[in-house]
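Pasting input_29.txt here (compact mmCIF, C-alpha atoms and all ligand atoms):
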# COMPACT_ATOMS: atom_id res chain seq x y z
CA MET A 1 -56.57 -79.27 -33.98
CA TRP A 2 -55.78 -79.60 -37.70
CA ASP A 3 -52.83 -77.16 -37.73
CA ASP A 4 -50.22 -79.91 -37.60
CA VAL A 5 -51.92 -81.95 -40.34
CA LYS A 6 -52.22 -78.79 -42.44
CA HIS A 7 -48.49 -78.22 -42.00
CA VAL A 8 -47.72 -81.79 -43.14
CA ILE A 9 -49.92 -81.25 -46.22
CA ASP A 10 -48.43 -77.82 -47.01
CA THR A 11 -44.83 -79.03 -46.76
CA SER A 12 -45.24 -82.23 -48.82
CA GLN A 13 -46.03 -82.90 -52.47
CA SER A 14 -46.48 -86.67 -52.70
CA PHE A 15 -48.60 -88.75 -50.31
CA ALA A 16 -49.52 -92.33 -49.59
CA ILE A 17 -52.55 -93.13 -47.46
CA THR A 18 -52.84 -96.45 -45.73
CA SER A 19 -54.87 -98.20 -43.06
CA HIS A 20 -55.25 -101.44 -41.12
CA VAL A 21 -55.30 -105.05 -42.35
CA ASN A 22 -58.76 -106.38 -43.34
CA PRO A 23 -59.85 -102.94 -44.54
CA ASP A 24 -63.45 -102.00 -43.68
CA GLY A 25 -65.88 -99.31 -44.80
CA ASP A 26 -64.37 -96.65 -42.56
CA SER A 27 -60.72 -97.32 -43.39
CA ILE A 28 -61.44 -97.40 -47.12
CA GLY A 29 -63.92 -94.51 -47.04
CA SER A 30 -61.69 -92.22 -45.01
CA ALA A 31 -58.59 -93.09 -47.08
CA LEU A 32 -60.33 -92.49 -50.41
CA ALA A 33 -61.88 -89.18 -49.28
CA LEU A 34 -58.52 -87.94 -47.96
CA CYS A 35 -56.91 -88.99 -51.25
CA GLU A 36 -59.53 -86.99 -53.23
CA PHE A 37 -58.97 -83.99 -50.98
CA LEU A 38 -55.18 -84.10 -51.42
CA LYS A 39 -55.47 -84.44 -55.20
CA ALA A 40 -57.84 -81.45 -55.28
CA GLN A 41 -55.07 -79.49 -53.50
CA GLY A 42 -52.76 -80.27 -56.44
CA LYS A 43 -50.89 -83.04 -54.63
CA GLU A 44 -49.99 -86.55 -55.76
CA ALA A 45 -51.72 -89.14 -53.63
CA VAL A 46 -52.29 -92.89 -53.65
CA VAL A 47 -54.16 -95.24 -51.32
CA ALA A 48 -52.38 -98.49 -50.42
CA MET A 49 -53.69 -101.32 -48.24
CA SER A 50 -52.01 -104.54 -47.17
CA ASP A 51 -55.13 -106.59 -47.96
CA ALA A 52 -57.71 -106.74 -50.73
CA VAL A 53 -60.80 -104.53 -50.72
CA PRO A 54 -63.97 -106.48 -49.83
CA MET A 55 -66.62 -106.65 -52.57
CA ALA A 56 -68.93 -104.37 -50.55
CA TYR A 57 -66.55 -101.41 -51.00
CA GLN A 58 -65.15 -101.96 -54.50
CA TRP A 59 -67.77 -99.62 -56.02
CA LEU A 60 -66.09 -96.73 -54.17
CA ASP A 61 -63.02 -97.26 -56.37
CA PRO A 62 -64.47 -98.01 -59.84
CA ASP A 63 -61.15 -97.52 -61.67
CA ARG A 64 -59.25 -99.71 -59.19
CA GLU A 65 -56.82 -96.92 -58.35
CA MET A 66 -56.19 -98.25 -54.85
CA MET A 67 -53.18 -100.51 -54.36
CA ALA A 68 -54.86 -103.33 -52.45
CA PRO A 69 -53.41 -105.77 -51.78
CA VAL A 70 -50.00 -104.13 -52.30
CA ASP A 71 -47.20 -105.89 -54.18
CA GLU A 72 -43.40 -105.37 -54.20
CA ALA A 73 -43.52 -102.63 -56.85
CA ASP A 74 -46.21 -100.77 -54.89
CA LEU A 75 -44.05 -100.87 -51.75
CA ASN A 76 -41.21 -99.10 -53.60
CA GLN A 77 -43.57 -96.35 -54.73
CA ILE A 78 -45.11 -95.97 -51.28
CA THR A 79 -41.79 -95.66 -49.46
CA ALA A 80 -40.66 -92.92 -51.88
CA VAL A 81 -43.41 -90.41 -50.99
CA ASP A 82 -42.92 -87.26 -48.88
CA ALA A 83 -45.63 -88.09 -46.34
CA VAL A 84 -47.76 -91.06 -45.31
CA PHE A 85 -51.20 -90.68 -43.75
CA ILE A 86 -52.18 -93.62 -41.58
CA VAL A 87 -55.95 -93.57 -41.06
CA ASP A 88 -58.28 -95.52 -38.76
CA VAL A 89 -55.37 -97.19 -36.92
CA ASN A 90 -52.46 -96.21 -34.66
CA SER A 91 -50.18 -99.24 -34.83
CA TRP A 92 -47.35 -100.41 -37.09
CA GLU A 93 -48.32 -104.08 -36.68
CA ARG A 94 -51.90 -103.48 -37.85
CA LEU A 95 -50.59 -102.09 -41.18
CA GLY A 96 -49.68 -105.63 -42.24
CA GLN A 97 -46.96 -105.82 -44.88
CA LEU A 98 -46.87 -102.00 -45.06
CA GLY A 99 -45.94 -101.58 -41.39
CA GLU A 100 -42.18 -102.11 -41.50
CA PRO A 101 -41.44 -100.27 -44.77
CA ILE A 102 -43.40 -97.21 -43.61
CA GLN A 103 -42.08 -97.25 -40.05
CA HIS A 104 -38.46 -97.36 -41.25
CA GLY A 105 -38.98 -95.19 -44.34
CA GLN A 106 -38.00 -91.53 -44.69
CA ALA A 107 -41.51 -90.13 -45.19
CA VAL A 108 -43.22 -87.95 -42.59
CA LYS A 109 -45.90 -90.03 -40.87
CA ALA A 110 -49.23 -88.67 -39.67
CA VAL A 111 -52.11 -90.53 -37.98
CA ILE A 112 -55.83 -89.68 -38.12
CA ASP A 113 -57.82 -92.12 -36.01
CA HIS A 114 -60.61 -92.66 -33.49
CA HIS A 115 -59.39 -95.81 -31.70
CA PRO A 116 -58.28 -95.80 -28.05
CA TYR A 117 -54.48 -95.88 -27.81
CA ARG A 118 -51.68 -96.37 -25.32
CA GLU A 119 -48.95 -94.49 -27.13
CA LEU A 120 -48.66 -92.47 -30.31
CA ILE A 121 -46.65 -93.98 -33.17
CA THR A 122 -45.93 -90.50 -34.54
CA PRO A 123 -46.08 -87.02 -32.99
CA HIS A 124 -48.21 -85.91 -35.97
CA SER A 125 -51.44 -87.46 -34.70
CA VAL A 126 -55.08 -86.45 -34.51
CA ILE A 127 -56.88 -89.11 -32.48
CA GLN A 128 -60.42 -88.43 -31.25
CA THR A 129 -61.86 -91.47 -29.53
CA GLU A 130 -65.30 -89.86 -29.25
CA ALA A 131 -65.64 -89.63 -33.05
CA SER A 132 -68.01 -92.16 -34.61
CA SER A 133 -65.52 -92.95 -37.33
CA THR A 134 -62.33 -91.78 -38.98
CA SER A 135 -64.57 -90.67 -41.86
CA GLU A 136 -66.18 -88.15 -39.47
CA LEU A 137 -62.70 -86.78 -38.73
CA ILE A 138 -61.80 -86.56 -42.44
CA TYR A 139 -65.06 -84.65 -43.00
CA ASN A 140 -64.02 -82.23 -40.24
CA LEU A 141 -60.56 -81.91 -41.83
CA ILE A 142 -61.96 -81.09 -45.29
CA ASP A 143 -64.51 -78.72 -43.73
CA THR A 144 -61.84 -76.92 -41.67
CA LEU A 145 -59.21 -76.66 -44.41
CA GLY A 146 -61.84 -75.51 -46.90
CA GLY A 147 -61.74 -78.23 -49.52
CA SER A 148 -64.55 -78.96 -51.93
CA MET A 149 -66.58 -82.13 -51.39
CA THR A 150 -66.90 -84.30 -54.49
CA LYS A 151 -69.73 -86.82 -54.85
CA ARG A 152 -67.13 -89.59 -54.71
CA ALA A 153 -65.66 -88.30 -51.44
CA ALA A 154 -69.17 -87.81 -50.01
CA ASP A 155 -70.08 -91.43 -50.88
CA ALA A 156 -66.82 -92.65 -49.32
CA LEU A 157 -67.33 -90.70 -46.06
CA TYR A 158 -71.01 -91.67 -45.83
CA THR A 159 -70.03 -95.33 -46.24
CA GLY A 160 -67.44 -94.97 -43.47
CA ILE A 161 -69.91 -93.42 -41.03
CA LEU A 162 -72.71 -95.85 -42.00
CA THR A 163 -70.57 -98.95 -41.46
CA ASP A 164 -68.63 -97.81 -38.37
CA THR A 165 -71.84 -96.81 -36.55
CA GLY A 166 -73.49 -100.15 -37.45
CA SER A 167 -76.01 -98.24 -39.59
CA PHE A 168 -76.41 -95.51 -36.94
CA ARG A 169 -77.10 -97.77 -33.97
CA PHE A 170 -73.83 -97.99 -31.99
CA ALA A 171 -73.21 -95.79 -28.95
CA SER A 172 -70.81 -93.67 -31.04
CA THR A 173 -73.74 -92.38 -33.16
CA SER A 174 -73.61 -88.75 -32.02
CA PRO A 175 -75.61 -85.70 -33.07
CA HIS A 176 -72.44 -84.56 -34.86
CA ALA A 177 -72.26 -87.81 -36.84
CA HIS A 178 -75.89 -87.32 -37.94
CA ASP A 179 -75.19 -83.68 -38.73
CA ILE A 180 -72.31 -84.64 -41.04
CA THR A 181 -74.44 -87.35 -42.62
CA ALA A 182 -77.13 -84.77 -43.38
CA ARG A 183 -74.57 -82.56 -45.09
CA LEU A 184 -73.25 -85.53 -47.09
CA LEU A 185 -76.81 -86.11 -48.36
CA ASP A 186 -76.73 -82.49 -49.55
CA HIS A 187 -73.66 -83.47 -51.59
CA GLY A 188 -75.73 -86.07 -53.45
CA VAL A 189 -75.36 -89.26 -51.42
CA ASN A 190 -78.31 -91.62 -51.96
CA PRO A 191 -78.77 -93.61 -48.70
CA ALA A 192 -80.87 -96.43 -50.21
CA GLN A 193 -78.36 -96.90 -53.01
CA VAL A 194 -75.33 -96.91 -50.68
CA TYR A 195 -77.02 -99.38 -48.33
CA ASP A 196 -77.78 -101.69 -51.22
CA LEU A 197 -74.22 -101.47 -52.59
CA VAL A 198 -72.65 -102.10 -49.18
CA TYR A 199 -74.94 -104.69 -47.61
CA ASN A 200 -76.85 -106.44 -50.39
CA GLN A 201 -74.14 -107.63 -52.78
CA ASN A 202 -73.24 -111.04 -51.37
CA SER A 203 -72.15 -113.73 -53.80
CA GLU A 204 -73.75 -117.17 -53.81
CA ALA A 205 -70.43 -118.61 -52.57
CA ARG A 206 -70.30 -116.21 -49.61
CA THR A 207 -73.87 -117.04 -48.67
CA ARG A 208 -73.16 -120.80 -48.76
CA LEU A 209 -69.98 -120.32 -46.72
CA MET A 210 -71.91 -118.24 -44.19
CA GLY A 211 -74.51 -121.01 -43.92
CA GLN A 212 -71.83 -123.60 -43.14
CA VAL A 213 -70.03 -121.36 -40.70
CA ILE A 214 -73.20 -120.44 -38.80
CA SER A 215 -74.39 -124.06 -38.63
CA ASN A 216 -71.17 -124.88 -36.73
CA ILE A 217 -71.57 -122.09 -34.15
CA GLN A 218 -70.37 -122.95 -30.64
CA PHE A 219 -71.14 -121.52 -27.22
CA ALA A 220 -69.54 -121.27 -23.78
CA GLY A 221 -70.22 -119.40 -20.56
CA ASN A 222 -73.94 -120.31 -20.39
CA GLY A 223 -74.51 -119.11 -23.93
CA GLN A 224 -72.96 -115.71 -23.30
CA VAL A 225 -69.91 -116.36 -25.52
CA ALA A 226 -70.55 -117.51 -29.09
CA TRP A 227 -67.94 -118.23 -31.73
CA LEU A 228 -67.58 -119.19 -35.36
CA THR A 229 -64.63 -120.93 -37.01
CA VAL A 230 -63.62 -120.81 -40.66
CA ALA A 231 -60.93 -123.17 -41.94
CA PRO A 232 -59.16 -122.24 -45.20
CA SER A 233 -60.55 -125.46 -46.73
CA MET A 234 -64.14 -124.26 -46.15
CA ILE A 235 -63.39 -121.07 -48.05
CA GLU A 236 -61.77 -123.01 -50.90
CA LYS A 237 -64.56 -125.63 -51.16
CA THR A 238 -67.34 -123.05 -51.42
CA GLY A 239 -65.38 -120.96 -53.91
CA ALA A 240 -65.63 -117.96 -51.58
CA LEU A 241 -62.84 -115.41 -51.05
CA PRO A 242 -60.94 -114.92 -47.76
CA GLU A 243 -62.41 -111.40 -47.41
CA ASP A 244 -65.93 -112.87 -47.75
CA THR A 245 -65.89 -113.70 -44.02
CA SER A 246 -66.10 -110.00 -43.21
CA GLY A 247 -69.34 -109.36 -41.28
CA PHE A 248 -69.94 -112.99 -40.29
CA VAL A 249 -69.04 -112.24 -36.66
CA ASP A 250 -71.98 -109.83 -36.38
CA THR A 251 -74.44 -112.73 -36.70
CA THR A 252 -73.27 -113.96 -33.25
CA MET A 253 -74.56 -110.73 -31.72
CA THR A 254 -78.06 -111.23 -33.14
CA ILE A 255 -78.50 -114.15 -30.69
CA SER A 256 -80.36 -113.41 -27.47
CA GLY A 257 -78.10 -113.73 -24.43
CA VAL A 258 -74.78 -113.50 -26.31
CA GLU A 259 -72.49 -110.91 -24.69
CA ILE A 260 -69.27 -111.68 -26.61
CA GLY A 261 -69.12 -112.96 -30.21
CA ILE A 262 -65.94 -114.14 -31.92
CA ILE A 263 -64.90 -115.43 -35.33
CA PHE A 264 -61.69 -117.37 -35.99
CA VAL A 265 -60.58 -117.37 -39.61
CA GLY A 266 -57.65 -119.66 -40.37
CA THR A 267 -55.12 -118.77 -43.06
CA ASN A 268 -52.61 -120.89 -44.99
CA GLU A 269 -49.78 -118.92 -43.34
CA GLY A 270 -50.21 -120.46 -39.88
CA THR A 271 -52.11 -117.51 -38.46
CA VAL A 272 -55.72 -117.03 -37.37
CA ARG A 273 -57.56 -113.77 -37.99
CA ILE A 274 -59.82 -113.14 -35.04
CA SER A 275 -62.62 -110.56 -34.83
CA LEU A 276 -64.45 -109.91 -31.58
CA ARG A 277 -67.75 -108.16 -30.81
CA SER A 278 -69.45 -107.43 -27.49
CA ARG A 279 -72.44 -105.78 -25.90
CA GLY A 280 -72.37 -102.85 -23.48
CA SER A 281 -69.58 -102.79 -20.93
CA LYS A 282 -68.00 -106.11 -22.00
CA ASP A 283 -64.58 -105.01 -23.27
CA VAL A 284 -63.23 -106.97 -26.24
CA ASN A 285 -60.55 -104.33 -26.83
CA GLN A 286 -58.95 -105.61 -23.63
CA ILE A 287 -59.31 -109.25 -24.70
CA ALA A 288 -57.75 -108.46 -28.09
CA GLY A 289 -55.04 -106.45 -26.34
CA SER A 290 -53.98 -109.46 -24.25
CA PHE A 291 -53.14 -111.24 -27.54
CA GLY A 292 -51.42 -108.26 -29.16
CA GLY A 293 -54.46 -106.94 -31.05
CA GLY A 294 -56.77 -104.02 -30.44
CA GLY A 295 -59.73 -101.94 -31.54
CA HIS A 296 -62.74 -100.62 -29.66
CA ARG A 297 -64.52 -101.77 -26.49
CA ASN A 298 -67.28 -103.45 -28.54
CA ALA A 299 -65.34 -104.40 -31.69
CA SER A 300 -61.72 -105.48 -31.96
CA GLY A 301 -59.34 -107.78 -33.82
CA VAL A 302 -56.23 -109.91 -33.40
CA VAL A 303 -53.90 -111.84 -35.69
CA PHE A 304 -53.03 -114.98 -33.71
CA LYS A 305 -49.98 -117.14 -34.51
CA GLY A 306 -50.98 -120.80 -34.30
CA SER A 307 -53.80 -123.15 -35.28
CA ILE A 308 -57.54 -122.44 -35.11
CA GLU A 309 -57.85 -124.96 -32.25
CA GLU A 310 -55.13 -123.19 -30.24
CA ALA A 311 -56.72 -119.80 -30.91
CA VAL A 312 -60.19 -121.01 -29.88
CA GLU A 313 -58.88 -122.56 -26.69
CA ALA A 314 -56.87 -119.49 -25.65
CA VAL A 315 -59.28 -116.71 -26.65
CA THR A 316 -62.59 -118.25 -25.54
CA LYS A 317 -61.05 -118.94 -22.11
CA VAL A 318 -60.19 -115.25 -21.73
CA ALA A 319 -63.62 -114.27 -23.08
CA VAL A 320 -65.47 -116.44 -20.56
CA SER A 321 -63.38 -115.02 -17.71
CA ALA A 322 -64.26 -111.49 -18.91
CA LEU A 323 -68.02 -112.10 -18.46
MN MN B 401 -63.11 -96.76 -37.91
Translate the structure of the given file into structure tokens.
Amino acid sequence: MWDDVKHVIDTSQSFAITSHVNPDGDSIGSALALCEFLKAQGKEAVVAMSDAVPMAYQWLDPDREMMAPVDEADLNQITAVDAVFIVDVNSWERLGQLGEPIQHGQAVKAVIDHHPYRELITPHSVIQTEASSTSELIYNLIDTLGGSMTKRAADALYTGILTDTGSFRFASTSPHAHDITARLLDHGVNPAQVYDLVYNQNSEARTRLMGQVISNIQFAGNGQVAWLTVAPSMIEKTGALPEDTSGFVDTTMTISGVEIGIIFVGTNEGTVRISLRSRGSKDVNQIAGSFGGGGHRNASGVVFKGSIEEAVEAVTKVAVSAL
């Protein structure tokens, strides 16, 4: 299964690793661990993301080696590498400002991902939809190719599995995911410390913004669809950062009776960043797909062109009809 990826690694010297917009624990964790692995093989490797790294994951990159968000100079460096690894996503659009330069660049492209897909964007792809996380796949890669596991890589992979399994509660939490987690603890990961660093580092501004956003929650479909809206002005007034809204959508799913939860985050560029969550068989991947986005059955995302009002009207209508 890893033969093709091994060939890409063996035949290249310089690498860039990238992932989807709004990077999360799994995209950052898997990218950083793969970067460590490649460097340990004597390769040059950098991680580049279209968007900034949320506070919760900045501790994984203490020297700020990641290019996130990328700038013009970064783009030149990234397009000059021999090979690009695209992790935790299989879509040019979801790479944000990195999508076009990478798609049309000369580098070999390889995908490592666990999201359902319609078509491959590169023939060099390892996509296992049954994996709990891309971090689980990167663990398997390092294990198979015989790399050493540094504490930093172990922390990164543990963070990816922890966050993508919703702290080991989603349906994707397999015996294999727990098995890998156990081995990461053997490499020195401290679960209490990681949990604290990931989940208990909110700023006062983020907490105030969350309070405002939650107090304006709205419902449709007999309380089965709940949604939150965040206007750019709310973020500015509270002094919070755009990435501070990450995780807000999960509060909708703590409400009894809610089957589909949505957050609409407006930007100053005339787009709305939408995240969707659902319970059980309710498929928000399909809802996101009908607006050009994607993800998993129970967690997906879309970038919508238009106003928050237009996005709410269009997406909640589809959500209610999906009940
Ligand atoms: Mn993931």
Using all atoms listed in the file, tabulate the residues of chain A lying at most 7 Å from any atom of ligand MN 401 (chain B), each with its closest atom pair and that distance in Å to one decimal, by chain and increasing residue number, as CSV.
residue,atom,partner,partner_atom,distance
A:Asp26,CA,B:MN401,MN,4.8
A:Ser27,CA,B:MN401,MN,6.0
A:Asp88,CA,B:MN401,MN,5.1
A:His114,CA,B:MN401,MN,6.5
A:Ser133,CA,B:MN401,MN,4.5
A:Thr134,CA,B:MN401,MN,5.2
A:Asp164,CA,B:MN401,MN,5.6
Inset, instruction - For Thr163 of chain A, list every protein, DNA or RNA residue within 9 Å, evaluated using all atoms listed in the file, and leave out those in the same chain fewer than 5 positions away; present the list as a list in words. - result: Asp24, Gly25, Asp26, Ser133, Tyr158, Phe168 and Val198 of chain A
Inset, instruction - Can you work out the spacing between atom CA of Thr18 of chain A and atom CA of Leu98 of chain A in Å, to one decimal? - result: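 Interatomic distance, atom CA of Thr18 of chain A to atom CA of Leu98 of chain A: 8.2 Å.
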Excluding Asp283 of chain A and its own-chain neighbours fewer than 2 positions away, which residues fall within 12 Å of it when counting all atoms listed in the file? Please give them as a PDB file with C-alpha atoms, in the coordinates of the input.
ATOM      1  CA  GLU A 259     -72.490-110.910 -24.690  1.00  0.00           C
ATOM      2  CA  ILE A 260     -69.270-111.680 -26.610  1.00  0.00           C
ATOM      3  CA  GLY A 261     -69.120-112.960 -30.210  1.00  0.00           C
ATOM      4  CA  LEU A 276     -64.450-109.910 -31.580  1.00  0.00           C
ATOM      5  CA  ARG A 277     -67.750-108.160 -30.810  1.00  0.00           C
ATOM      6  CA  SER A 278     -69.450-107.430 -27.490  1.00  0.00           C
ATOM      7  CA  ARG A 279     -72.440-105.780 -25.900  1.00  0.00           C
ATOM      8  CA  GLY A 280     -72.370-102.850 -23.480  1.00  0.00           C
ATOM      9  CA  SER A 281     -69.580-102.790 -20.930  1.00  0.00           C
ATOM     10  CA  ASN A 285     -60.550-104.330 -26.830  1.00  0.00           C
ATOM     11  CA  GLN A 286     -58.950-105.610 -23.630  1.00  0.00           C
ATOM     12  CA  ILE A 287     -59.310-109.250 -24.700  1.00  0.00           C
ATOM     13  CA  ALA A 288     -57.750-108.460 -28.090  1.00  0.00           C
ATOM     14  CA  GLY A 289     -55.040-106.450 -26.340  1.00  0.00           C
ATOM     15  CA  SER A 290     -53.980-109.460 -24.250  1.00  0.00           C
ATOM     16  CA  GLY A 294     -56.770-104.020 -30.440  1.00  0.00           C
ATOM     17  CA  GLY A 295     -59.730-101.940 -31.540  1.00  0.00           C
ATOM     18  CA  HIS A 296     -62.740-100.620 -29.660  1.00  0.00           C
ATOM     19  CA  ARG A 297     -64.520-101.770 -26.490  1.00  0.00           C
ATOM     20  CA  ASN A 298     -67.280-103.450 -28.540  1.00  0.00           C
ATOM     21  CA  ALA A 299     -65.340-104.400 -31.690  1.00  0.00           C
ATOM     22  CA  SER A 300     -61.720-105.480 -31.960  1.00  0.00           C
ATOM     23  CA  VAL A 318     -60.190-115.250 -21.730  1.00  0.00           C
ATOM     24  CA  ALA A 319     -63.620-114.270 -23.080  1.00  0.00           C
ATOM     25  CA  VAL A 320     -65.470-116.440 -20.560  1.00  0.00           C
ATOM     26  CA  SER A 321     -63.380-115.020 -17.710  1.00  0.00           C
ATOM     27  CA  ALA A 322     -64.260-111.490 -18.910  1.00  0.00           C
ATOM     28  CA  LEU A 323     -68.020-112.100 -18.460  1.00  0.00           C
TER      29      LEU A 323
END
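Counting from atom CA of Gly257 of chain A, the distance to atom CA of Gly223 of chain A is 6.5 Å.
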Legend entry - Residue among A:Gln128, A:Thr122, A:Ser19, A:Thr144 lying closest to Val87 of chain A, counting all atoms listed in the file: A:Ser19
Inset, instruction - Would you mind telling me which residue in A:Asp155, A:Asp82, A:Asp143, A:Glu130 lies nearest to Pro175 of chain A when using all atoms listed in the file? - result: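 For Pro175 of chain A, the nearest of the given residues is A:Glu130.
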Inset, instruction - Go through A:Phe85, A:Tyr57, A:Leu228, A:Glu236 and flag the residue nearest Leu157 of chain A, using only C-alpha atoms for the distances. - result: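 Distance minimum relative to Leu157 of chain A lands on A:Tyr57.
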Inset, instruction - Select, from A:Gly188, A:Gly99, A:Pro232, A:Gly270, the residue with the minimum atom-to-atom distance to Ile86 of chain A, counting only C-alpha atoms. - result: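 Closest candidate: A:Gly99.
Among the candidates A:Val126, A:Met149, A:Val258, A:Val21, the residue lying nearest to Glu93 of chain A is A:Val21 (atoms considered: all atoms listed in the file).
Using all atoms listed in the file, the contacts of Ile308 of chain A at a cut-off of 10 Å, with sequence neighbours closer than 4 positions omitted, comprise A:Thr229, A:Val230, A:Ala231, A:Phe264, A:Val265, A:Gly266, A:Thr267, A:Gly270, A:Thr271, A:Val272, A:Arg273, A:Ile274, A:Phe304, A:Val312, A:Glu313, A:Ala314.
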Inset, instruction - Give me, please, the distance in Å between atom CA of Val213 of chain A and atom CA of Leu162 of chain A, quoted to one decimal. - result: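 One can read the atom CA of Val213 of chain A to atom CA of Leu162 of chain A distance as 25.7 Å.
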Legend entry - Long-range neighbours of segment 46-49 of chain A as a list in words, 8 Å cut-off, all atoms listed in the file, 3 positions minimum in chain: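 In the requested form, the answer reads Phe15, Ala16, Ile17, Thr18, Ser19, His20, Val21, Pro23, Ala31, Leu32, Cys35, Ala52, Glu65, Met66, Met67, Ala68, Pro69, Val70, Asp74, Ile78, Leu95 and Leu98 of chain A.
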Output of the above residues as a CSV table (one decimal), keeping the file's coordinate frame, restricted to C-alpha atoms:
chain,number,residue,atom,x,y,z
A,15,PHE,CA,-48.6,-88.8,-50.3
A,16,ALA,CA,-49.5,-92.3,-49.6
A,17,ILE,CA,-52.6,-93.1,-47.5
A,18,THR,CA,-52.8,-96.4,-45.7
A,19,SER,CA,-54.9,-98.2,-43.1
A,20,HIS,CA,-55.2,-101.4,-41.1
A,21,VAL,CA,-55.3,-105.0,-42.4
A,23,PRO,CA,-59.8,-102.9,-44.5
A,31,ALA,CA,-58.6,-93.1,-47.1
A,32,LEU,CA,-60.3,-92.5,-50.4
A,35,CYS,CA,-56.9,-89.0,-51.2
A,52,ALA,CA,-57.7,-106.7,-50.7
A,65,GLU,CA,-56.8,-96.9,-58.4
A,66,MET,CA,-56.2,-98.2,-54.8
A,67,MET,CA,-53.2,-100.5,-54.4
A,68,ALA,CA,-54.9,-103.3,-52.4
A,69,PRO,CA,-53.4,-105.8,-51.8
A,70,VAL,CA,-50.0,-104.1,-52.3
A,74,ASP,CA,-46.2,-100.8,-54.9
A,78,ILE,CA,-45.1,-96.0,-51.3
A,95,LEU,CA,-50.6,-102.1,-41.2
A,98,LEU,CA,-46.9,-102.0,-45.1
Inset, instruction - Show which residues sit within 12 Å of His178 of chain A, as a list of chain:residue names. Count all atoms listed in the file, and ignore same-chain residues fewer than 3 positions away. - result: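 Contacts, with the query itself left out: A:Ala131, A:Ser132, A:Ser133, A:Glu136, A:Tyr158, A:Ile161, A:Leu162, A:Thr165, A:Ser167, A:Phe168, A:Arg169, A:Ser172, A:Thr173, A:Ser174, A:Pro175, A:Thr181, A:Ala182, A:Arg183, A:Leu184, A:Leu185.
Remark: for Asp186 of chain A, the closest of the candidate residues A:Gly166, A:Ala154, A:Ser125, A:Gln212 is A:Ala154 (distances computed over all atoms listed in the file).
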Inset, instruction - May I have the protein, DNA and RNA residues with any atom at most 10 Å from the point (-43.3, -98.7, -44.8), counting all atoms listed in the file, written as a list in words? - result: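 So the residues meeting the distance criterion are Thr18, Leu75, Asn76, Ile78, Thr79, Ala80, Val84, Trp92, Leu95, Gly96, Gln97, Leu98, Gly99, Glu100, Pro101, Ile102, Gln103, His104, Gly105, Gln106, Ala107 and Lys109 of chain A.
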Calculate, to one decimal in Å, the centre and edge lengths of the box along x, y and z of the file that holds all listed atoms of segment 146-158 of chain A with 6 Å of margin on each side, and present them as AutoDock Vina command-line options.
--center_x -66.4 --center_y -84.1 --center_z -50.3 --size_x 21.3 --size_y 29.1 --size_z 21.0
